[in-house]
>>> print(open('target25.pdb').read())   # PDB, C-alpha atoms and all ligand atoms
ATOM      1  CA  MET A 737       0.000   0.000   0.000
ATOM      2  CA  ASP A 738       1.324   3.448  -0.939
ATOM      3  CA  LYS A 739       0.506   5.088   2.378
ATOM      4  CA  GLN A 740       1.132   8.604   1.047
ATOM      5  CA  ASN A 741      -1.938   8.387  -1.169
ATOM      6  CA  VAL A 742      -4.255   6.673   1.296
ATOM      7  CA  ARG A 743      -6.546   8.907   3.387
ATOM      8  CA  PHE A 744      -7.979   7.941   6.769
ATOM      9  CA  THR A 745     -10.914   9.025   8.916
ATOM     10  CA  LEU A 746      -9.976   8.979  12.600
ATOM     11  CA  ILE A 747     -12.902   8.342  14.966
ATOM     12  CA  THR A 748     -12.665   8.387  18.780
ATOM     13  CA  GLY A 749     -15.032   6.293  20.884
ATOM     14  CA  ALA A 750     -15.478   4.046  17.881
ATOM     15  CA  SER A 751     -16.001   0.714  19.655
ATOM     16  CA  SER A 752     -19.661   1.197  20.547
ATOM     17  CA  GLY A 753     -22.704   3.441  20.223
ATOM     18  CA  ILE A 754     -22.707   6.391  17.841
ATOM     19  CA  GLY A 755     -18.949   6.171  17.190
ATOM     20  CA  LYS A 756     -19.208   2.561  16.042
ATOM     21  CA  ALA A 757     -22.192   3.428  13.842
ATOM     22  CA  MET A 758     -20.202   6.299  12.282
ATOM     23  CA  ALA A 759     -17.316   3.902  11.626
ATOM     24  CA  PHE A 760     -19.695   1.568   9.755
ATOM     25  CA  GLU A 761     -21.196   4.497   7.840
ATOM     26  CA  CYS A 762     -17.734   5.723   6.771
ATOM     27  CA  ALA A 763     -16.622   2.192   5.807
ATOM     28  CA  ALA A 764     -19.755   1.786   3.685
ATOM     29  CA  MET A 765     -18.634   4.908   1.802
ATOM     30  CA  GLY A 766     -15.217   3.300   1.219
ATOM     31  CA  ARG A 767     -13.394   5.490   3.733
ATOM     32  CA  ASN A 768     -10.361   3.969   5.477
ATOM     33  CA  LEU A 769     -10.508   4.118   9.248
ATOM     34  CA  LEU A 770      -8.400   4.744  12.323
ATOM     35  CA  LEU A 771     -10.476   3.713  15.310
ATOM     36  CA  VAL A 772      -9.610   4.860  18.823
ATOM     37  CA  ALA A 773     -11.327   3.770  22.041
ATOM     38  CA  LEU A 774     -10.535   2.277  25.422
ATOM     39  CA  ASP A 775      -8.252  -0.748  25.320
ATOM     40  CA  GLU A 776     -11.165  -3.191  25.676
ATOM     41  CA  PRO A 777     -12.174  -6.243  23.582
ATOM     42  CA  ALA A 778     -14.987  -4.191  21.968
ATOM     43  CA  LEU A 779     -12.452  -2.279  19.858
ATOM     44  CA  PRO A 780     -10.779  -5.196  17.981
ATOM     45  CA  ALA A 781     -14.227  -6.826  17.738
ATOM     46  CA  THR A 782     -15.566  -3.722  15.961
ATOM     47  CA  VAL A 783     -12.550  -3.711  13.638
ATOM     48  CA  GLU A 784     -13.174  -7.368  12.723
ATOM     49  CA  ASP A 785     -16.890  -6.684  12.193
ATOM     50  CA  ILE A 786     -16.178  -3.848   9.771
ATOM     51  CA  ARG A 787     -13.382  -5.736   7.987
ATOM     52  CA  GLY A 788     -15.730  -8.662   7.453
ATOM     53  CA  ARG A 789     -18.199  -6.453   5.610
ATOM     54  CA  TYR A 790     -16.182  -3.749   3.877
ATOM     55  CA  GLY A 791     -12.867  -3.835   2.068
ATOM     56  CA  VAL A 792     -11.384  -0.792   3.738
ATOM     57  CA  THR A 793      -8.074  -0.440   5.571
ATOM     58  CA  ILE A 794      -8.454  -0.100   9.343
ATOM     59  CA  GLY A 795      -5.942   0.752  12.058
ATOM     60  CA  HIS A 796      -6.907   0.810  15.724
ATOM     61  CA  LEU A 797      -5.500   2.071  18.999
ATOM     62  CA  GLY A 798      -6.741   1.232  22.483
ATOM     63  CA  ILE A 799      -6.061   4.176  24.774
ATOM     64  CA  ASP A 800      -7.688   6.047  27.639
ATOM     65  CA  LEU A 801      -8.367   9.498  26.214
ATOM     66  CA  SER A 802      -9.164  10.884  29.638
ATOM     67  CA  ARG A 803      -5.415  10.942  30.340
ATOM     68  CA  GLU A 804      -3.745  14.262  29.628
ATOM     69  CA  ASP A 805      -1.004  12.914  27.358
ATOM     70  CA  SER A 806      -3.313  10.716  25.229
ATOM     71  CA  PRO A 807      -4.007  13.123  22.315
ATOM     72  CA  GLU A 808      -0.257  13.446  21.740
ATOM     73  CA  LYS A 809       0.143   9.640  21.935
ATOM     74  CA  VAL A 810      -2.623   9.194  19.351
ATOM     75  CA  PHE A 811      -0.891  11.686  17.071
ATOM     76  CA  ARG A 812       2.515   9.978  17.485
ATOM     77  CA  TRP A 813       0.948   6.585  16.732
ATOM     78  CA  VAL A 814      -0.568   7.956  13.505
ATOM     79  CA  GLN A 815       2.779   9.476  12.527
ATOM     80  CA  GLU A 816       4.754   6.324  13.303
ATOM     81  CA  MET A 817       2.342   4.210  11.261
ATOM     82  CA  GLY A 818       2.598   6.692   8.369
ATOM     83  CA  TYR A 819      -1.183   7.207   8.166
ATOM     84  CA  ARG A 820      -2.558  10.369   6.489
ATOM     85  CA  VAL A 821      -5.653  11.744   8.213
ATOM     86  CA  ASP A 822      -8.071  13.995   6.306
ATOM     87  CA  THR A 823     -11.045  13.592   8.671
ATOM     88  CA  LEU A 824     -11.088  13.823  12.468
ATOM     89  CA  ILE A 825     -14.229  12.820  14.367
ATOM     90  CA  ASN A 826     -14.106  13.647  18.083
ATOM     91  CA  ASN A 827     -16.924  11.456  19.360
ATOM     92  CA  ALA A 828     -15.697   9.851  22.619
ATOM     93  CA  GLY A 829     -17.432  11.228  25.663
ATOM     94  CA  PHE A 830     -19.600  10.376  28.631
ATOM     95  CA  GLY A 831     -22.086  12.010  30.958
ATOM     96  CA  ARG A 832     -23.350  11.500  34.480
ATOM     97  CA  GLY A 833     -26.632  12.685  35.977
ATOM     98  CA  GLY A 834     -27.492  13.510  39.585
ATOM     99  CA  LEU A 835     -27.273  16.278  42.134
ATOM    100  CA  PHE A 836     -24.040  18.158  41.395
ATOM    101  CA  GLU A 837     -22.645  17.542  44.882
ATOM    102  CA  ASN A 838     -23.396  13.789  44.848
ATOM    103  CA  VAL A 839     -21.108  12.796  41.983
ATOM    104  CA  ASN A 840     -17.432  12.077  42.628
ATOM    105  CA  LEU A 841     -15.286  15.119  41.775
ATOM    106  CA  GLN A 842     -12.712  12.923  40.005
ATOM    107  CA  GLU A 843     -15.460  11.729  37.676
ATOM    108  CA  TYR A 844     -16.207  15.333  36.715
ATOM    109  CA  TYR A 845     -12.533  15.928  36.005
ATOM    110  CA  SER A 846     -12.382  12.800  33.797
ATOM    111  CA  MET A 847     -15.502  13.975  31.952
ATOM    112  CA  ILE A 848     -13.945  17.371  31.232
ATOM    113  CA  GLN A 849     -10.704  15.695  30.179
ATOM    114  CA  LEU A 850     -12.453  13.305  27.784
ATOM    115  CA  ASN A 851     -15.270  15.516  26.452
ATOM    116  CA  ASN A 852     -13.207  18.696  26.121
ATOM    117  CA  GLN A 853      -9.452  18.439  26.590
ATOM    118  CA  ALA A 854      -9.015  15.341  24.421
ATOM    119  CA  MET A 855     -11.000  17.060  21.663
ATOM    120  CA  ILE A 856      -8.884  20.230  21.882
ATOM    121  CA  GLY A 857      -5.676  18.192  21.953
ATOM    122  CA  LEU A 858      -6.613  16.114  18.919
ATOM    123  CA  CYS A 859      -7.733  19.188  16.936
ATOM    124  CA  TYR A 860      -4.480  20.913  17.878
ATOM    125  CA  TYR A 861      -2.180  18.042  16.950
ATOM    126  CA  PHE A 862      -3.991  17.039  13.748
ATOM    127  CA  LEU A 863      -4.743  20.466  12.282
ATOM    128  CA  PRO A 864      -1.367  20.839  10.502
ATOM    129  CA  GLU A 865      -1.924  17.406   8.905
ATOM    130  CA  LEU A 866      -5.532  18.242   7.960
ATOM    131  CA  ARG A 867      -4.347  21.467   6.327
ATOM    132  CA  LYS A 868      -2.229  19.454   3.857
ATOM    133  CA  HIS A 869      -5.235  17.895   2.050
ATOM    134  CA  SER A 870      -7.363  19.497  -0.655
ATOM    135  CA  ARG A 871     -10.453  19.011   1.563
ATOM    136  CA  ALA A 872     -10.501  18.002   5.224
ATOM    137  CA  TYR A 873     -13.110  17.708   7.968
ATOM    138  CA  ILE A 874     -13.462  17.938  11.725
ATOM    139  CA  LEU A 875     -16.690  16.704  13.329
ATOM    140  CA  ASN A 876     -17.122  17.311  17.065
ATOM    141  CA  MET A 877     -19.733  15.516  19.151
ATOM    142  CA  SER A 878     -21.818  17.878  21.235
ATOM    143  CA  SER A 879     -25.427  17.285  22.279
ATOM    144  CA  MET A 880     -28.851  18.858  22.067
ATOM    145  CA  GLU A 881     -28.130  19.689  25.709
ATOM    146  CA  ALA A 882     -25.404  22.126  24.650
ATOM    147  CA  THR A 883     -28.071  24.764  24.140
ATOM    148  CA  LEU A 884     -30.089  23.796  27.243
ATOM    149  CA  PRO A 885     -28.323  24.137  30.614
ATOM    150  CA  LEU A 886     -29.707  21.028  32.325
ATOM    151  CA  PRO A 887     -30.093  20.931  36.105
ATOM    152  CA  TYR A 888     -28.832  17.585  37.493
ATOM    153  CA  LYS A 889     -26.483  17.254  34.490
ATOM    154  CA  ALA A 890     -24.666  20.506  35.092
ATOM    155  CA  VAL A 891     -21.122  19.383  34.281
ATOM    156  CA  TYR A 892     -22.042  17.251  31.247
ATOM    157  CA  THR A 893     -24.165  20.076  29.828
ATOM    158  CA  GLY A 894     -21.246  22.443  30.413
ATOM    159  CA  THR A 895     -18.813  20.180  28.551
ATOM    160  CA  LYS A 896     -21.178  19.877  25.577
ATOM    161  CA  ASN A 897     -21.756  23.629  25.535
ATOM    162  CA  PHE A 898     -17.976  23.998  25.392
ATOM    163  CA  VAL A 899     -17.779  21.577  22.426
ATOM    164  CA  TYR A 900     -20.497  23.581  20.659
ATOM    165  CA  SER A 901     -18.905  27.029  21.183
ATOM    166  CA  PHE A 902     -15.385  25.796  20.450
ATOM    167  CA  SER A 903     -16.500  24.182  17.190
ATOM    168  CA  LEU A 904     -18.353  27.260  15.916
ATOM    169  CA  ALA A 905     -15.397  29.495  16.766
ATOM    170  CA  LEU A 906     -12.796  27.173  15.223
ATOM    171  CA  ARG A 907     -14.956  26.815  12.098
ATOM    172  CA  GLU A 908     -14.922  30.587  11.615
ATOM    173  CA  GLU A 909     -11.138  30.739  12.123
ATOM    174  CA  LEU A 910     -10.751  28.101   9.403
ATOM    175  CA  ARG A 911     -13.469  29.427   7.074
ATOM    176  CA  ARG A 912     -11.044  30.403   4.313
ATOM    177  CA  THR A 913      -9.061  27.181   4.546
ATOM    178  CA  ASN A 914      -9.577  23.632   3.270
ATOM    179  CA  VAL A 915     -10.775  22.439   6.708
ATOM    180  CA  SER A 916     -14.508  22.346   7.420
ATOM    181  CA  VAL A 917     -15.561  22.114  11.081
ATOM    182  CA  SER A 918     -19.000  20.780  12.015
ATOM    183  CA  VAL A 919     -20.646  20.131  15.346
ATOM    184  CA  ILE A 920     -23.385  17.587  15.919
ATOM    185  CA  CYS A 921     -26.072  17.988  18.599
ATOM    186  CA  PRO A 922     -28.149  14.802  18.904
ATOM    187  CA  GLY A 923     -31.040  14.323  21.314
ATOM    188  CA  PRO A 924     -31.199  10.997  23.220
ATOM    189  CA  VAL A 925     -29.745   8.078  21.265
ATOM    190  CA  LEU A 926     -30.252   4.431  22.195
ATOM    191  CA  THR A 927     -26.670   3.318  22.898
ATOM    192  CA  ASN A 928     -25.320   2.160  26.298
ATOM    193  CA  PRO A 929     -27.342   0.637  29.210
ATOM    194  CA  ASP A 930     -26.788   3.800  31.269
ATOM    195  CA  GLY A 931     -28.507   5.893  28.615
ATOM    196  CA  LEU A 932     -31.313   3.361  28.364
ATOM    197  CA  GLU A 933     -32.012   3.755  32.105
ATOM    198  CA  ARG A 934     -32.128   7.543  31.750
ATOM    199  CA  ILE A 935     -34.507   7.286  28.822
ATOM    200  CA  LYS A 936     -36.763   4.896  30.781
ATOM    201  CA  ALA A 937     -36.855   7.371  33.660
ATOM    202  CA  HIS A 938     -38.460   9.924  31.343
ATOM    203  CA  GLY A 939     -41.195   7.525  30.187
ATOM    204  CA  GLY A 940     -43.129   8.108  26.932
ATOM    205  CA  ARG A 941     -41.865  11.687  26.573
ATOM    206  CA  ALA A 942     -38.334  10.507  25.760
ATOM    207  CA  LYS A 943     -39.538   8.176  23.014
ATOM    208  CA  LEU A 944     -40.545  11.203  20.927
ATOM    209  CA  LEU A 945     -36.936  12.331  20.925
ATOM    210  CA  LEU A 946     -35.216   8.965  20.761
ATOM    211  CA  ALA A 947     -32.957   8.149  17.801
ATOM    212  CA  MET A 948     -31.018   5.045  16.781
ATOM    213  CA  PRO A 949     -27.205   5.300  16.470
ATOM    214  CA  GLU A 950     -27.277   4.199  12.802
ATOM    215  CA  ASP A 951     -29.653   7.052  11.872
ATOM    216  CA  VAL A 952     -27.621   9.609  13.784
ATOM    217  CA  ALA A 953     -24.413   8.319  12.160
ATOM    218  CA  ARG A 954     -25.853   8.598   8.648
ATOM    219  CA  ILE A 955     -27.024  12.180   9.225
ATOM    220  CA  ALA A 956     -23.736  13.052  10.946
ATOM    221  CA  ILE A 957     -21.425  11.853   8.173
ATOM    222  CA  ARG A 958     -23.524  13.279   5.361
ATOM    223  CA  GLY A 959     -23.835  16.624   7.195
ATOM    224  CA  MET A 960     -20.091  16.726   7.830
ATOM    225  CA  LEU A 961     -19.256  16.012   4.176
ATOM    226  CA  LYS A 962     -21.684  18.749   3.082
ATOM    227  CA  GLY A 963     -19.800  21.147   5.374
ATOM    228  CA  LYS A 964     -22.800  21.858   7.623
ATOM    229  CA  GLN A 965     -22.087  24.090  10.594
ATOM    230  CA  VAL A 966     -24.487  22.534  13.138
ATOM    231  CA  ILE A 967     -26.049  19.107  12.624
ATOM    232  CA  VAL A 968     -29.187  18.291  14.644
ATOM    233  CA  PRO A 969     -30.528  14.822  13.799
ATOM    234  CA  GLY A 970     -34.319  14.622  13.963
ATOM    235  CA  PHE A 971     -37.189  17.055  13.720
ATOM    236  CA  VAL A 972     -38.275  16.960  17.389
ATOM    237  CA  PRO A 973     -34.850  17.842  18.893
ATOM    238  CA  LEU A 974     -34.503  20.682  16.380
ATOM    239  CA  ALA A 975     -37.990  22.014  17.189
ATOM    240  CA  ILE A 976     -37.292  21.899  20.953
ATOM    241  CA  ILE A 977     -33.964  23.734  20.556
ATOM    242  CA  ARG A 978     -35.668  26.454  18.488
ATOM    243  CA  ILE A 979     -38.630  26.898  20.828
ATOM    244  CA  MET A 980     -36.395  27.021  23.914
ATOM    245  CA  LYS A 981     -34.223  29.669  22.268
ATOM    246  CA  PHE A 982     -37.075  32.189  22.335
ATOM    247  CA  MET A 983     -38.199  31.401  25.882
ATOM    248  CA  PRO A 984     -37.161  33.765  28.711
ATOM    249  CA  THR A 985     -34.263  32.109  30.577
ATOM    250  CA  PRO A 986     -35.970  31.943  34.038
ATOM    251  CA  VAL A 987     -39.015  30.198  32.500
ATOM    252  CA  LYS A 988     -36.831  27.854  30.458
ATOM    253  CA  MET A 989     -34.732  26.896  33.489
ATOM    254  CA  ARG A 990     -37.807  26.236  35.650
ATOM    255  CA  ILE A 991     -39.210  23.899  32.969
ATOM    256  CA  LEU A 992     -35.887  22.085  32.522
ATOM    257  CA  GLU A 993     -35.541  21.605  36.288
ATOM    258  CA  ARG A 994     -38.975  19.981  36.423
ATOM    259  CA  VAL A 995     -38.301  17.697  33.467
ATOM    260  CA  PHE A 996     -34.867  16.574  34.659
ATOM    261  CA  ARG A 997     -35.719  16.247  38.375
ATOM    262  CA  VAL A 998     -35.896  12.480  37.747
ATOM    263  CA  TYR A 999     -32.062  12.395  37.658
ATOM    264  CA  LYS A1000     -31.866  13.743  41.228
TER     265      LYS A1000
HETATM  266  N1  LIG A1101     -26.273   8.430  23.615
HETATM  267  C1  LIG A1101     -26.838   9.620  23.669
HETATM  268  O1  LIG A1101     -28.021   9.743  24.024
HETATM  269  C2  LIG A1101     -26.057  10.835  23.251
HETATM  270  C3  LIG A1101     -26.755  12.005  22.938
HETATM  271  C4  LIG A1101     -26.031  13.135  22.562
HETATM  272  C5  LIG A1101     -24.648  13.096  22.508
HETATM  273  N2  LIG A1101     -24.009  11.935  22.842
HETATM  274  C6  LIG A1101     -22.534  11.930  22.780
HETATM  275  O2  LIG A1101     -22.135  11.001  21.785
HETATM  276  C7  LIG A1101     -20.868  10.444  22.113
HETATM  277  C8  LIG A1101     -20.960   8.939  22.081
HETATM  278  O3  LIG A1101     -21.994   8.540  22.968
HETATM  279  P1  LIG A1101     -22.537   7.035  23.000
HETATM  280  O4  LIG A1101     -23.840   7.079  23.699
HETATM  281  O5  LIG A1101     -22.418   6.439  21.655
HETATM  282  O6  LIG A1101     -21.474   6.406  24.020
HETATM  283  P2  LIG A1101     -21.089   4.875  24.292
HETATM  284  O7  LIG A1101     -22.021   3.944  23.641
HETATM  285  O8  LIG A1101     -20.900   4.782  25.784
HETATM  286  O9  LIG A1101     -19.675   4.797  23.562
HETATM  287  C9  LIG A1101     -18.636   5.602  24.025
HETATM  288  C10 LIG A1101     -17.398   5.281  23.236
HETATM  289  O10 LIG A1101     -16.319   6.071  23.762
HETATM  290  C11 LIG A1101     -15.300   5.194  24.232
HETATM  291  N3  LIG A1101     -14.719   5.735  25.430
HETATM  292  C12 LIG A1101     -15.326   5.943  26.631
HETATM  293  N4  LIG A1101     -14.450   6.447  27.499
HETATM  294  C13 LIG A1101     -13.273   6.554  26.842
HETATM  295  C14 LIG A1101     -11.972   6.991  27.208
HETATM  296  N5  LIG A1101     -11.712   7.432  28.446
HETATM  297  N6  LIG A1101     -10.997   6.936  26.285
HETATM  298  C15 LIG A1101     -11.222   6.474  25.030
HETATM  299  N7  LIG A1101     -12.441   6.066  24.609
HETATM  300  C16 LIG A1101     -13.437   6.097  25.512
HETATM  301  C17 LIG A1101     -15.996   3.884  24.522
HETATM  302  O11 LIG A1101     -15.043   2.823  24.519
HETATM  303  P3  LIG A1101     -15.447   1.428  25.271
HETATM  304  O12 LIG A1101     -16.648   0.898  24.545
HETATM  305  O13 LIG A1101     -14.266   0.562  25.111
HETATM  306  O14 LIG A1101     -15.770   1.780  26.681
HETATM  307  C18 LIG A1101     -16.963   3.835  23.358
HETATM  308  O15 LIG A1101     -16.308   3.465  22.175
HETATM  309  C19 LIG A1101     -20.505  11.012  23.491
HETATM  310  O16 LIG A1101     -19.660  12.123  23.327
HETATM  311  C20 LIG A1101     -21.843  11.458  24.046
HETATM  312  O17 LIG A1101     -21.711  12.501  24.997
HETATM  313  C21 LIG A1101     -24.675  10.797  23.190
END
>>> encode(input="target25.pdb", output="structure tokens", more="lines below")
Ligand SMILES: NC(=O)c1ccc[n+]([C@@H]2O[C@H](COP(=O)([O-])OP(=O)(O)OC[C@H]3O[C@@H](n4cnc5c(N)ncnc54)[C@H](OP(=O)(O)O)[C@@H]3O)[C@@H](O)[C@H]2O)c1
Amino acid sequence: MDKQNVRFTLITGASSGIGKAMAFECAAMGRNLLLVALDEPALPATVEDIRGRYGVTIGHLGIDLSREDSPEKVFRWVQEMGYRVDTLINNAGFGRGGLFENVNLQEYYSMIQLNNQAMIGLCYYFLPELRKHSRAYILNMSSMEATLPLPYKAVYTGTKNFVYSFSLALREELRRTNVSVSVICPGPVLTNPDGLERIKAHGGRAKLLLAMPEDVARIAIRGMLKGKQVIVPGFVPLAIIRIMKFMPTPVKMRILERVFRVYK
């Protein structure tokens, strides 16, 4: 393989959920993949799954992205392997609900490290490489919650708001370059058991918003390749974001507190 002419899409958190679905979506389009996730059996299993169905080249790295030096290690690995990356998808992330003071402080720090610092680090390290291609893409995973400060998910909401603002700002900085930056803001997606419990807690209301990872992945990758600024999968999440935007903040916050009290 002449590595200089082969382009790769790097996806973090690619061993399950939305990240895995995006990896399948990219492979179906013939895109070669570099998959990064925790060093767990799910990662090589995903690689084998994709290899069995699509004839694309796949590299993978098991690493804990909530460690400060991980973005640099990912970059060095890509360099050492001689891979050329033209698409960076910062998907890995997690959230935790509950009264702010009841969650372990270290867990908040890990969340900020994974949801925010790893994303910044990877954008920072890979930007010079992305700039070398005729067209390149960054897709950052935010959430519908980025625009809605959610009581009982205060830190998670804050991290996703950060992803949202950072992505819009970076996009504008890069507007006259070859690099397109998009941010995706999904509503609830049926992925891990934790999320399933949260969705159950909301009863029928949540079902209106619920999306499947495969649908979100399809909309995400197509939106990214079209150079969309903000990608919101689904009509209901988009409608809620728009309605909430015009609501006075005190009213909006009172409503959100009532709806999300179940996480308390
Ligand atoms: N699900 C939703 O309702 C929803 C809605 C809006 C936004 N999002 C966002 O979408 C993204 C993916 O969510 P998901 O529900 O698909 O999550 P998920 O099913 O829990 O998958 C998370 C992925 O990230 C990897 N990961 C977790 N911690 C990591 C770490 N410290 N270092 C490296 N990789 C790590 C996991 O690897 P392992 O499998 O090996 O643990 C897995 O591949 C997150 O950023 C989330 O905030 C989710």
>>> closest_atom_pairs(input="target25.pdb", of="stretch 808-849 of chain A", to="stretch 750-766 of chain A", cutoff="9 Å", atoms="all atoms listed in the file", output="Markdown table")
| residue | atom | partner | partner_atom | distance |
| --- | --- | --- | --- | --- |
| A:Ile825 | CA | A:Gly755 | CA | 8.6 |
| A:Asn826 | CA | A:Gly755 | CA | 9.0 |
| A:Asn827 | CA | A:Gly755 | CA | 6.1 |
| A:Ala828 | CA | A:Gly755 | CA | 7.3 |
>>> resolve_selection(input="target25.pdb", expression="the PyMOL selection byres (((not hetatm)) within 7 of (chain A and resi 1101))", output="PyMOL selection string")
chain A and resi 748-756+772-776+778-779+799-802+827-831+850-851+877-880+921-928+931
>>> write_last_selection(input="target25.pdb", atoms="C-alpha atoms", output="PDB file, keeping the file's coordinate frame")
ATOM      1  CA  THR A 748     -12.665   8.387  18.780  1.00  0.00           C
ATOM      2  CA  GLY A 749     -15.032   6.293  20.884  1.00  0.00           C
ATOM      3  CA  ALA A 750     -15.478   4.046  17.881  1.00  0.00           C
ATOM      4  CA  SER A 751     -16.001   0.714  19.655  1.00  0.00           C
ATOM      5  CA  SER A 752     -19.661   1.197  20.547  1.00  0.00           C
ATOM      6  CA  GLY A 753     -22.704   3.441  20.223  1.00  0.00           C
ATOM      7  CA  ILE A 754     -22.707   6.391  17.841  1.00  0.00           C
ATOM      8  CA  GLY A 755     -18.949   6.171  17.190  1.00  0.00           C
ATOM      9  CA  LYS A 756     -19.208   2.561  16.042  1.00  0.00           C
ATOM     10  CA  VAL A 772      -9.610   4.860  18.823  1.00  0.00           C
ATOM     11  CA  ALA A 773     -11.327   3.770  22.041  1.00  0.00           C
ATOM     12  CA  LEU A 774     -10.535   2.277  25.422  1.00  0.00           C
ATOM     13  CA  ASP A 775      -8.252  -0.748  25.320  1.00  0.00           C
ATOM     14  CA  GLU A 776     -11.165  -3.191  25.676  1.00  0.00           C
ATOM     15  CA  ALA A 778     -14.987  -4.191  21.968  1.00  0.00           C
ATOM     16  CA  LEU A 779     -12.452  -2.279  19.858  1.00  0.00           C
ATOM     17  CA  ILE A 799      -6.061   4.176  24.774  1.00  0.00           C
ATOM     18  CA  ASP A 800      -7.688   6.047  27.639  1.00  0.00           C
ATOM     19  CA  LEU A 801      -8.367   9.498  26.214  1.00  0.00           C
ATOM     20  CA  SER A 802      -9.164  10.884  29.638  1.00  0.00           C
ATOM     21  CA  ASN A 827     -16.924  11.456  19.360  1.00  0.00           C
ATOM     22  CA  ALA A 828     -15.697   9.851  22.619  1.00  0.00           C
ATOM     23  CA  GLY A 829     -17.432  11.228  25.663  1.00  0.00           C
ATOM     24  CA  PHE A 830     -19.600  10.376  28.631  1.00  0.00           C
ATOM     25  CA  GLY A 831     -22.086  12.010  30.958  1.00  0.00           C
ATOM     26  CA  LEU A 850     -12.453  13.305  27.784  1.00  0.00           C
ATOM     27  CA  ASN A 851     -15.270  15.516  26.452  1.00  0.00           C
ATOM     28  CA  MET A 877     -19.733  15.516  19.151  1.00  0.00           C
ATOM     29  CA  SER A 878     -21.818  17.878  21.235  1.00  0.00           C
ATOM     30  CA  SER A 879     -25.427  17.285  22.279  1.00  0.00           C
ATOM     31  CA  MET A 880     -28.851  18.858  22.067  1.00  0.00           C
ATOM     32  CA  CYS A 921     -26.072  17.988  18.599  1.00  0.00           C
ATOM     33  CA  PRO A 922     -28.149  14.802  18.904  1.00  0.00           C
ATOM     34  CA  GLY A 923     -31.040  14.323  21.314  1.00  0.00           C
ATOM     35  CA  PRO A 924     -31.199  10.997  23.220  1.00  0.00           C
ATOM     36  CA  VAL A 925     -29.745   8.078  21.265  1.00  0.00           C
ATOM     37  CA  LEU A 926     -30.252   4.431  22.195  1.00  0.00           C
ATOM     38  CA  THR A 927     -26.670   3.318  22.898  1.00  0.00           C
ATOM     39  CA  ASN A 928     -25.320   2.160  26.298  1.00  0.00           C
ATOM     40  CA  GLY A 931     -28.507   5.893  28.615  1.00  0.00           C
TER      41      GLY A 931
END
>>> atom_distance(input="target25.pdb", atom1="atom CA of A:Pro780", atom2="atom CA of A:Asn768")
15.5 Å
>>> atom_distance(input="target25.pdb", atom1="atom CA of A:Ser870", atom2="atom CA of A:Thr913")
9.4 Å
>>> closest_residue(input="target25.pdb", among="A:Met855, A:Leu884, A:Leu946, A:Ile874", to="A:Ser918", atoms="all atoms listed in the file")
A:Ile874
>>> atom_distance(input="target25.pdb", atom1="atom CA of A:Val998", atom2="atom CA of A:Val899")
25.4 Å
>>> residues_around(input="target25.pdb", residues="A:Leu746", least_positions_apart="5", cutoff="8 Å", atoms="only C-alpha atoms", output="list in words")
Leu769, Leu770, Leu771, Val772, Val821, Thr823, Leu824 and Ile825 of chain A
>>> closest_residue(input="target25.pdb", among="A:Tyr999, A:Phe811, A:Phe982, A:Tyr819", to="A:Leu858", atoms="all atoms listed in the file")
A:Phe811
>>> resolve_selection(input="target25.pdb", expression="the PyMOL selection byres (((chain A and resi 996) around 9) and not hetatm)", output="tab-separated table (two decimals) with C-alpha atoms, in the frame of the given file")
chain	number	residue	atom	x	y	z
A	886	LEU	CA	-29.71	21.03	32.33
A	887	PRO	CA	-30.09	20.93	36.10
A	888	TYR	CA	-28.83	17.58	37.49
A	889	LYS	CA	-26.48	17.25	34.49
A	938	HIS	CA	-38.46	9.92	31.34
A	991	ILE	CA	-39.21	23.90	32.97
A	992	LEU	CA	-35.89	22.08	32.52
A	993	GLU	CA	-35.54	21.60	36.29
A	994	ARG	CA	-38.98	19.98	36.42
A	995	VAL	CA	-38.30	17.70	33.47
A	997	ARG	CA	-35.72	16.25	38.38
A	998	VAL	CA	-35.90	12.48	37.75
A	999	TYR	CA	-32.06	12.40	37.66
A	1000	LYS	CA	-31.87	13.74	41.23
>>> decode(input="target25.pdb", residues="stretch 946-961 of chain A", atoms="C-alpha atoms", output="tab-separated table (two decimals), in the first residue's frame")
chain	number	residue	atom	x	y	z
A	946	LEU	CA	-35.22	8.97	20.76
A	947	ALA	CA	-32.96	8.15	17.80
A	948	MET	CA	-31.02	5.04	16.78
A	949	PRO	CA	-27.20	5.30	16.47
A	950	GLU	CA	-27.28	4.20	12.80
A	951	ASP	CA	-29.65	7.05	11.87
A	952	VAL	CA	-27.62	9.61	13.78
A	953	ALA	CA	-24.41	8.32	12.16
A	954	ARG	CA	-25.85	8.60	8.65
A	955	ILE	CA	-27.02	12.18	9.22
A	956	ALA	CA	-23.74	13.05	10.95
A	957	ILE	CA	-21.43	11.85	8.17
A	958	ARG	CA	-23.52	13.28	5.36
A	959	GLY	CA	-23.84	16.62	7.19
A	960	MET	CA	-20.09	16.73	7.83
A	961	LEU	CA	-19.26	16.01	4.18
